[in-house]
Amino acid sequence: MGLILRLLVAAGLAADAIVHWRFAPEMAFVQGGSIDGELLFRIQAAVAGVVAVVILTYATRWAYALAFLVAGSAVAAIVFYYYVDAGAIGPLPDMHEPVWYAEKTISLVGEGIAALAALAGFFTASRTRREDGDAHVPV
């Protein structure tokens, strides 16, 4: 079960990274904020890619928590900016985009799967670790 969860998290984060990297140049024209939309998308892609590698390398609670934060925040952002035109928020540009297209759906589904699998992995990693730890306790 652990390997399946790790692969789901990594695949979802990979989809997130690929879509954000491909669409980064188009976000250069987003107005507002001190952080360029292209830079913001490139950062999201890089972070998602790095965390995908981390989750494949380490199946620990902190790795799953990190993956959940990255994927969950991406889901929250895509849903928030679909429904709310908040304008520029601090250094973030105005990312409001009330349209759906295939790549946006792929990103949302990947992020959602990654977030749910990371949450499940967080709880199963804690149980597995305790069971492994108890097996090594001398009697």
# chains A, B, ... in the order shown; residues from 1 in each chain; ligands from 1
>>> residues_around(residues="Thr57 (chain A)", least_positions_apart="5", cutoff="12 Å", atoms="only C-alpha atoms", output="short mmCIF file (atom, residue, chain, number, x, y, z; two decimals) with C-alpha atoms, in the first residue's frame")
data_model
loop_
_atom_site.label_atom_id
_atom_site.label_comp_id
_atom_site.auth_asym_id
_atom_site.auth_seq_id
_atom_site.Cartn_x
_atom_site.Cartn_y
_atom_site.Cartn_z
CA LEU A 3 4.41 2.12 -2.62
CA ARG A 6 4.03 7.16 -2.95
CA LEU A 7 3.51 6.64 -6.68
CA ALA A 10 4.60 11.58 -7.07
CA VAL A 50 11.40 18.37 -5.86
CA VAL A 51 8.71 17.14 -3.47
CA ALA A 52 7.80 14.35 -5.92
CA ALA A 63 7.65 13.89 3.51
CA TYR A 64 3.93 13.12 3.24
#
>>> residues_around(residues="Leu40 (chain A)", least_positions_apart="4", cutoff="10 Å", atoms="only C-alpha atoms", output="number ranges by chain")
A: 20-21, 24, 27-28, 35-36, 44-46, 92-93
>>> select_by_dssp(residues="chain A", states="alpha helix (DSSP H)", output="PyMOL selection string")
chain A and resi 2-23+37-57+61-83+102-135
>>> atom_distance(atom1="CA of Ile78 (chain A)", atom2="CA of Lys104 (chain A)")
8.4 Å
>>> closest_residue(among="A:Phe68, A:Phe29, A:Trp100, A:Phe80", to="Ile55 (chain A)", atoms="only C-alpha atoms")
A:Phe68
>>> residues_around(residues="Arg22 (chain A)", least_positions_apart="4", cutoff="10 Å", atoms="only C-alpha atoms", output="list in words")
Ala17, Ile18, Glu26, Phe41, Arg42, Ala45 and Glu103 of chain A
>>> write_last_selection(atoms="C-alpha atoms", output="PDB file, in the first residue's frame")
ATOM      1  CA  ALA A  17       4.908  20.443 -12.155  1.00  0.00           C
ATOM      2  CA  ILE A  18       4.588  19.772 -15.881  1.00  0.00           C
ATOM      3  CA  GLU A  26       1.853  32.659 -20.572  1.00  0.00           C
ATOM      4  CA  PHE A  41       4.460  29.232 -11.929  1.00  0.00           C
ATOM      5  CA  ARG A  42       8.109  28.202 -12.301  1.00  0.00           C
ATOM      6  CA  ALA A  45       6.684  23.606 -10.837  1.00  0.00           C
ATOM      7  CA  GLU A 103      -4.455  21.373 -18.757  1.00  0.00           C
TER       8      GLU A 103
END
>>> closest_residue(among="A:Gly37, A:Pro91, A:Gly2, A:Gly49", to="Ala118 (chain A)", atoms="only C-alpha atoms")
A:Gly2
